[in-house]
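Asker: What follows is start_6.tsv, TSV, C-alpha atoms.
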chain	number	residue	atom	x	y	z
C	983	MET	CA	14.24	80.89	2.49
C	984	GLU	CA	13.60	77.38	1.20
C	985	SER	CA	10.69	75.38	2.43
C	986	ALA	CA	10.88	71.65	3.01
C	987	THR	CA	8.08	69.48	1.74
C	988	VAL	CA	7.22	66.30	3.59
C	989	THR	CA	5.45	63.66	1.55
C	990	THR	CA	3.18	61.36	3.52
C	991	PRO	CA	2.63	57.97	1.94
C	992	GLN	CA	-0.96	57.39	0.97
C	993	ASN	CA	-2.92	54.74	2.82
C	994	LYS	CA	-3.12	51.54	0.88
C	995	ASN	CA	-6.29	49.72	0.09
C	996	PRO	CA	-7.03	47.17	2.86
C	997	ALA	CA	-7.46	44.49	0.22
C	998	GLU	CA	-4.02	45.28	-1.21
C	999	THR	CA	-2.48	45.21	2.28
C	1000	SER	CA	-4.04	41.82	2.96
C	1001	LEU	CA	-2.75	40.53	-0.38
C	1002	MET	CA	0.76	41.75	0.47
C	1003	TRP	CA	0.63	39.83	3.76
C	1004	TRP	CA	-0.22	36.61	1.89
C	1005	ARG	CA	2.49	37.16	-0.72
C	1006	SER	CA	5.25	37.92	1.81
C	1007	ALA	CA	4.23	35.24	4.33
C	1008	PRO	CA	6.68	32.32	4.63
C	1009	LEU	CA	5.10	29.04	3.57
C	1010	ARG	CA	6.05	25.70	5.09
C	1011	VAL	CA	5.12	22.54	3.18
C	1012	THR	CA	5.67	19.12	4.76
C	1013	SER	CA	5.06	15.82	2.91
C	1014	GLU	CA	5.61	12.33	4.27
C	1015	PHE	CA	5.16	8.98	2.52
C	1016	ASP	CA	4.48	5.74	4.40
C	1017	SER	CA	5.40	2.81	2.16
C	1018	GLU	CA	3.66	0.33	4.48
C	1019	SER	CA	0.20	1.92	4.19
C	1020	SER	CA	0.86	3.66	0.82
C	1021	LEU	CA	-0.40	6.94	2.27
C	1022	CYS	CA	0.99	10.45	1.91
C	1023	PHE	CA	0.67	12.93	4.78
C	1024	HIS	CA	0.78	16.63	3.98
C	1025	LYS	CA	0.93	19.83	6.07
C	1026	ILE	CA	0.84	23.38	4.69
C	1027	SER	CA	1.25	26.26	7.15
C	1028	THR	CA	1.93	29.99	7.09
C	1029	LYS	CA	2.18	32.89	9.55
C	1030	LEU	CA	0.69	36.33	8.94
C	1031	MET	CA	0.83	39.80	10.50
C	1032	ASP	CA	4.30	39.45	12.04
C	1033	ASN	CA	3.59	35.91	13.28
C	1034	LEU	CA	0.46	36.96	15.17
C	1035	VAL	CA	-1.74	34.52	13.24
C	1036	LYS	CA	-0.95	31.02	11.98
C	1037	PHE	CA	-2.92	28.96	9.45
C	1038	LYS	CA	-2.34	25.25	8.86
C	1039	LEU	CA	-3.96	22.80	6.44
C	1040	SER	CA	-3.29	19.09	6.95
C	1041	PHE	CA	-4.59	16.09	5.01
C	1042	ARG	CA	-3.59	12.67	3.68
C	1043	ASN	CA	-4.15	10.95	0.36
C	1044	ASP	CA	-3.73	7.46	-1.07
C	1045	THR	CA	-2.19	6.23	-4.33
C	1046	GLN	CA	-5.44	7.10	-6.18
C	1047	GLY	CA	-5.08	10.72	-5.06
C	1048	GLN	CA	-8.18	10.70	-2.83
C	1049	VAL	CA	-7.93	13.29	-0.03
C	1050	ASN	CA	-8.87	12.10	3.47
C	1051	ASP	CA	-9.04	13.59	6.97
C	1052	PRO	CA	-8.54	17.28	6.06
C	1053	HIS	CA	-8.05	19.66	8.99
C	1054	LEU	CA	-7.89	23.45	8.92
C	1055	THR	CA	-6.27	25.09	11.97
C	1056	PHE	CA	-6.23	28.75	12.97
C	1057	THR	CA	-4.02	29.84	15.89
C	1058	SER	CA	-3.56	33.24	17.52
C	1059	LYS	CA	-2.61	34.56	20.95
C	1060	HIS	CA	-6.11	34.42	22.43
C	1061	LEU	CA	-8.00	32.03	20.13
C	1062	SER	CA	-7.35	28.75	18.31
C	1063	LEU	CA	-9.69	26.78	16.05
C	1064	ASP	CA	-9.24	23.24	14.71
C	1065	PHE	CA	-11.86	22.46	12.05
C	1066	ASP	CA	-12.45	18.87	10.89
C	1067	VAL	CA	-13.76	19.24	7.34
C	1068	GLU	CA	-15.16	15.68	7.00
C	1069	GLU	CA	-16.85	15.63	10.41
C	1070	ARG	CA	-18.02	19.25	10.14
C	1071	ASN	CA	-16.79	19.75	13.67
C	1072	ALA	CA	-14.55	22.30	15.37
C	1073	LEU	CA	-12.50	22.34	18.56
C	1074	VAL	CA	-12.29	25.89	19.91
C	1075	LYS	CA	-9.83	27.11	22.55
C	1076	ALA	CA	-9.80	30.62	23.99
C	1077	LYS	CA	-7.66	32.41	26.57
C	1078	PHE	CA	-8.38	35.78	28.14
C	1079	GLN	CA	-6.60	37.92	30.72
C	1080	LEU	CA	-9.17	39.26	33.17
C	1081	SER	CA	-6.55	41.09	35.23
C	1082	PRO	CA	-2.74	41.09	35.54
C	1083	SER	CA	-2.98	38.10	37.89
C	1084	LEU	CA	-6.14	36.34	36.66
C	1085	HIS	CA	-6.56	34.33	33.44
C	1086	LEU	CA	-9.53	32.49	31.97
C	1087	THR	CA	-9.22	29.59	29.50
C	1088	ALA	CA	-12.05	27.74	27.76
C	1089	THR	CA	-12.20	24.70	25.47
C	1090	ARG	CA	-15.27	23.62	23.49
C	1091	ASP	CA	-16.02	20.68	21.20
C	1092	ILE	CA	-18.85	22.02	19.04
C	1093	LYS	CA	-20.26	18.70	17.84
C	1094	ALA	CA	-19.97	16.82	21.15
C	1095	GLN	CA	-21.24	19.84	23.08
C	1096	GLU	CA	-18.50	19.28	25.66
C	1097	GLY	CA	-15.66	21.42	26.95
C	1098	GLU	CA	-13.72	22.73	29.91
C	1099	LEU	CA	-13.53	26.04	31.70
C	1100	ALA	CA	-10.51	26.97	33.82
C	1101	MET	CA	-9.50	30.01	35.86
C	1102	VAL	CA	-5.83	30.57	36.79
C	1103	ALA	CA	-4.69	33.01	39.47
C	1104	ASP	CA	-1.09	34.09	40.13
C	1105	LEU	CA	-0.31	33.94	43.84
C	1106	ALA	CA	2.22	36.46	45.17
C	1107	SER	CA	4.37	36.02	42.06
C	1108	THR	CA	4.24	34.30	38.69
C	1109	ALA	CA	6.08	31.30	40.20
C	1110	TYR	CA	2.95	30.30	42.16
C	1111	LYS	CA	-0.37	29.65	40.42
C	1112	PHE	CA	-3.75	28.34	41.54
C	1113	GLU	CA	-6.10	26.85	38.95
C	1114	LEU	CA	-9.75	25.82	39.12
C	1115	SER	CA	-11.07	23.87	36.12
C	1116	SER	CA	-14.36	22.15	35.44
C	1117	ALA	CA	-15.76	20.07	32.61
C	1118	LEU	CA	-18.74	21.42	30.67
C	1119	PRO	CA	-21.42	20.28	31.28
C	1120	SER	CA	-20.25	19.92	34.87
C	1121	GLY	CA	-20.55	16.51	36.54
C	1122	GLY	CA	-19.08	17.28	39.95
C	1123	LEU	CA	-16.59	19.37	41.83
C	1124	PRO	CA	-13.98	21.37	39.86
C	1125	ARG	CA	-10.36	20.22	39.78
C	1126	ALA	CA	-8.04	22.33	41.94
C	1127	THR	CA	-4.35	22.61	41.07
C	1128	LEU	CA	-1.56	24.43	42.90
C	1129	LYS	CA	1.61	25.07	40.86
C	1130	PHE	CA	4.88	26.10	42.46
C	1131	PRO	CA	8.58	26.17	41.44
C	1132	LEU	CA	9.23	22.56	42.52
C	1133	GLY	CA	6.15	21.05	40.89
C	1134	GLU	CA	2.37	20.94	41.27
C	1135	VAL	CA	-0.36	19.21	43.28
C	1136	SER	CA	-3.94	18.68	42.11
C	1137	LEU	CA	-7.11	17.52	43.83
C	1138	GLU	CA	-10.00	16.18	41.75
C	1139	GLU	CA	-13.13	14.09	42.08
C	1140	LYS	CA	-13.15	10.63	40.46
C	1141	GLU	CA	-15.57	7.73	40.20
C	1142	GLU	CA	-14.42	4.87	42.44
C	1143	ASP	CA	-17.20	2.49	41.42
C	1144	GLU	CA	-18.85	3.00	38.02
C	1145	ASP	CA	-21.80	0.72	38.90
C	1146	ASN	CA	-22.70	2.52	42.13
C	1147	MET	CA	-21.54	5.92	40.81
C	1148	LYS	CA	-19.51	6.36	43.99
C	1149	LYS	CA	-17.06	9.26	43.88
C	1150	MET	CA	-13.92	10.01	45.84
C	1151	LEU	CA	-11.25	12.70	45.96
C	1152	SER	CA	-7.97	11.84	44.23
C	1153	ILE	CA	-4.61	13.55	44.77
C	1154	ASN	CA	-2.03	13.74	41.98
C	1155	GLY	CA	1.23	15.62	41.91
C	1156	THR	CA	4.70	16.16	40.53
C	1157	LEU	CA	7.84	17.14	42.44
C	1158	LYS	CA	11.27	17.87	41.03
C	1159	GLY	CA	14.58	19.02	42.45
C	1160	GLN	CA	18.33	19.08	42.02
C	1161	LEU	CA	20.16	15.88	42.95
C	1162	LEU	CA	23.93	15.62	42.55
C	1163	SER	CA	24.58	16.89	38.99
C	1164	GLY	CA	21.10	16.20	37.62
C	1165	ILE	CA	17.38	16.70	38.17
C	1166	CYS	CA	15.17	14.14	39.92
C	1167	THR	CA	11.42	14.11	39.14
C	1168	ALA	CA	8.71	12.13	40.96
C	1169	SER	CA	5.18	11.95	39.51
C	1170	TYR	CA	2.21	10.38	41.31
C	1171	ARG	CA	-1.04	9.74	39.43
C	1172	ASP	CA	-3.81	7.12	39.73
C	1173	GLU	CA	-1.90	5.33	42.52
C	1174	ASN	CA	1.18	4.94	40.30
C	1175	LEU	CA	4.53	6.51	41.13
C	1176	ASN	CA	7.11	7.27	38.44
C	1177	MET	CA	10.61	8.42	39.39
C	1178	ARG	CA	13.05	9.77	36.80
C	1179	TYR	CA	16.57	11.11	37.02
C	1180	LEU	CA	18.06	13.31	34.28
C	1181	TYR	CA	21.76	14.00	33.89
C	1182	LYS	CA	22.69	16.33	31.03
C	1183	ASP	CA	25.81	18.15	29.89
C	1184	GLU	CA	26.97	19.65	26.59
C	1185	LEU	CA	27.64	16.27	24.96
C	1186	MET	CA	25.25	13.74	26.46
C	1187	SER	CA	22.14	13.09	28.54
C	1188	PHE	CA	21.29	10.00	30.61
C	1189	THR	CA	17.76	9.36	31.92
C	1190	PRO	CA	16.89	6.24	33.96
C	1191	SER	CA	13.31	5.90	35.22
C	1192	VAL	CA	11.33	3.42	37.33
C	1193	SER	CA	7.58	3.02	37.89
C	1194	LEU	CA	5.97	1.65	41.06
C	1195	PRO	CA	4.34	-0.69	41.95
C	1196	SER	CA	4.98	-2.30	38.52
C	1197	ASN	CA	8.80	-1.96	38.95
C	1198	ALA	CA	9.07	-1.08	35.25
C	1199	LEU	CA	12.62	0.13	34.58
C	1200	SER	CA	13.81	1.97	31.46
C	1201	VAL	CA	16.73	4.11	30.38
C	1202	ALA	CA	17.22	6.76	27.68
C	1203	PHE	CA	20.60	7.88	26.39
C	1204	LYS	CA	21.54	10.71	24.00
C	1205	ARG	CA	25.04	11.49	22.77
C	1206	ARG	CA	26.25	14.33	20.55
C	1207	TYR	CA	29.41	13.23	18.74
C	1208	SER	CA	29.83	16.45	16.76
C	1209	PRO	CA	27.83	19.60	15.97
C	1210	SER	CA	26.19	17.68	13.12
C	1211	ASP	CA	25.87	14.12	14.55
C	1212	LYS	CA	23.61	12.93	17.37
C	1213	LEU	CA	22.56	9.44	18.55
C	1214	SER	CA	19.57	8.58	20.79
C	1215	TYR	CA	18.86	5.20	22.40
C	1216	PHE	CA	16.00	3.87	24.57
C	1217	TYR	CA	15.66	0.51	26.33
C	1218	ASN	CA	12.88	-0.97	28.50
C	1219	PHE	CA	14.20	-3.70	30.81
C	1220	ASN	CA	10.78	-5.28	31.46
C	1221	SER	CA	9.69	-5.73	27.84
C	1222	ASN	CA	13.15	-5.73	26.21
C	1223	VAL	CA	11.80	-3.11	23.78
C	1224	TRP	CA	14.44	-0.76	22.40
C	1225	SER	CA	14.72	2.00	19.81
C	1226	VAL	CA	17.56	4.01	18.30
C	1227	VAL	CA	17.62	7.27	16.28
C	1228	TYR	CA	20.53	8.81	14.42
C	1229	LYS	CA	20.50	12.47	13.30
C	1230	HIS	CA	22.93	14.10	10.87
C	1231	LYS	CA	22.99	17.70	9.69
C	1232	VAL	CA	24.79	18.87	6.53
C	1233	GLY	CA	25.47	22.61	6.73
C	1234	LYS	CA	22.40	24.72	7.39
C	1235	ASP	CA	20.21	23.39	4.59
C	1236	TYR	CA	20.09	19.59	4.84
C	1237	LYS	CA	19.09	17.19	7.60
C	1238	PHE	CA	18.99	13.39	7.72
C	1239	LYS	CA	17.35	11.16	10.34
C	1240	ALA	CA	17.12	7.37	10.59
C	1241	GLY	CA	15.95	4.97	13.28
C	1242	TYR	CA	14.62	1.56	14.28
C	1243	ASP	CA	11.88	0.49	16.75
C	1244	SER	CA	12.04	-3.12	17.97
C	1245	GLU	CA	8.46	-3.14	19.30
C	1246	VAL	CA	6.97	-2.86	15.79
C	1247	GLN	CA	10.12	-4.12	14.03
C	1248	LEU	CA	10.15	-1.05	11.86
C	1249	GLY	CA	13.07	0.88	10.44
C	1250	TRP	CA	12.66	4.34	8.93
C	1251	ALA	CA	14.61	7.21	7.42
C	1252	SER	CA	13.84	10.83	6.47
C	1253	PHE	CA	15.67	13.58	4.64
C	1254	TRP	CA	14.70	17.20	4.17
C	1255	ASN	CA	16.00	20.46	2.81
C	1256	ILE	CA	15.47	23.99	4.18
C	1257	LEU	CA	15.15	26.21	1.12
C	1258	GLN	CA	16.69	29.67	0.95
C	1259	ASP	CA	13.33	31.37	0.41
C	1260	ARG	CA	12.24	30.24	3.90
C	1261	ARG	CA	9.97	27.56	2.47
C	1262	ARG	CA	10.63	24.14	3.97
C	1263	VAL	CA	9.97	20.85	2.24
C	1264	LEU	CA	10.29	17.55	4.09
C	1265	GLY	CA	11.54	14.61	2.08
C	1266	ARG	CA	9.88	11.24	1.91
C	1267	VAL	CA	9.90	8.96	4.91
C	1268	LEU	CA	10.95	5.47	3.85
C	1269	LYS	CA	9.91	2.62	6.10
C	1270	GLY	CA	10.64	-1.09	6.04
C	1271	ARG	CA	10.16	-4.12	8.22
C	1272	GLY	CA	13.13	-5.47	10.13
C	1273	ASN	CA	14.21	-9.06	9.91
For the file at hand, write its structure as structure tokens.
Answerer:
Amino acid sequence: MESATVTTPQNKNPAETSLMWWRSAPLRVTSEFDSESSLCFHKISTKLMDNLVKFKLSFRNDTQGQVNDPHLTFTSKHLSLDFDVEERNALVKAKFQLSPSLHLTATRDIKAQEGELAMVADLASTAYKFELSSALPSGGLPRATLKFPLGEVSLEEKEEDEDNMKKMLSINGTLKGQLLSGICTASYRDENLNMRYLYKDELMSFTPSVSLPSNALSVAFKRRYSPSDKLSYFYNFNSNVWSVVYKHKVGKDYKFKAGYDSEVQLGWASFWNILQDRRRVLGRVLKGRGN
């Protein structure tokens, strides 16, 4: 009678396991060049432990190579940290599940000693939520928000007169619903009403919007001419400001984008390549003034 021998792989050194995670992690490198300010913007990010943790380093440098505004960001399911290296400051965000229907979120600016604490409760089903949030340190009543499938309504305390420190309750909300073949959205905030209609099919989208009481009217249009070509256009009727963006994709590895913004009279173009080893490098962004 033959006996079978089962070989159990030996546990690896934790340091070796950590090193393997770093070596096998996909690395994304993004670099942009602004010819107007002669600045380069860089982002380096990677995901570890089956995408459970994400690290990102961002900074910019001038033509002399001096590094400015470096930021180090750590993101996970329950905790995120944005560290400003020059300011020696960090913005911390945390999210915890106290029960299947109760969540707690907290935000804290370490240097400013300010933040926000919010508690979200699921009502009856996940489609209905009730949220109470308050600034830290607290300066008044917490903001109450009710979210439902057709939108949300919030009630918060605001200062009506800064000199007399008089406060009043303000109501803000968003409602959306199906209208004809599109979706109509109405948003009310700070006594301003914005109404937007979105029509979208497989080839195009059309979005007119109007704001009251300013009567500001604008329209956005997107058209896909082929699987690799797409054109976007925006026009504001009050200010006559317009912008256009053209996108072109070559196979699975190359993308090209160009556009123009009349408000700043600036034209731009970008080109990037998605490498086979899952590392992505963004090409230079070339900008120039319009005539």
Asker: Near C:Phe1037, within 8 Å and counting only C-alpha atoms, which residues show up once chain neighbours fewer than 6 positions away are dropped, as a list of chain:residue names?
Answerer: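 Answer for this query is C:Ser1027, C:Thr1028, C:Lys1029, C:Leu1054, C:Thr1055, C:Phe1056, C:Thr1057.
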Asker: Can you pull out every residue within 12 Å of C:Asp1091, counting only C-alpha atoms, but drop anything in the same chain fewer than 4 positions away, and send it as a PyMOL selection string?
Answerer: chain C and resi 1063-1066+1069-1075+1095-1098+1117-1119
Asker: Could you state the separation of atom CA of C:Lys1239 and atom CA of C:Lys1204 in Å, given to one decimal place?
Answerer: 14.3 Å
Asker: Please identify every residue of stretch 1190-1248 of chain C that has at least one atom no farther than 10 Å from an atom of stretch 1168-1171 of chain C, counting all atoms listed in the file, and for each give the shortest atom pair and the distance in Å to one decimal, arranged by chain then increasing number, as JSON lines.
Answerer:
{"residue": "C:Ser1191", "atom": "CA", "partner": "C:Ala1168", "partner_atom": "CA", "distance": 9.6}
{"residue": "C:Val1192", "atom": "CA", "partner": "C:Ala1168", "partner_atom": "CA", "distance": 9.8}
{"residue": "C:Ser1193", "atom": "CA", "partner": "C:Ser1169", "partner_atom": "CA", "distance": 9.4}
{"residue": "C:Leu1194", "atom": "CA", "partner": "C:Tyr1170", "partner_atom": "CA", "distance": 9.5}
Asker: Which residue out of C:Pro1195, C:Gly1122, C:Ser1244, C:Ser1115 has the minimum interatomic distance to C:Lys1148 when all atoms listed in the file are used?
Answerer: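 Between C:Pro1195, C:Gly1122, C:Ser1244, C:Ser1115, the residue approaching C:Lys1148 most closely is C:Gly1122.
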Asker: Can you tell me how far atom CA of C:Asn1033 sits from atom CA of C:Leu1009, in Å to one decimal?
Answerer: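 Computing it gives 12.0 Å between the two atoms.
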Asker: Enter the distance from atom CA of C:Asn1222 to atom CA of C:Gln1247, in Å, rounded to one decimal.
Answerer: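 So the answer is 12.7 Å.
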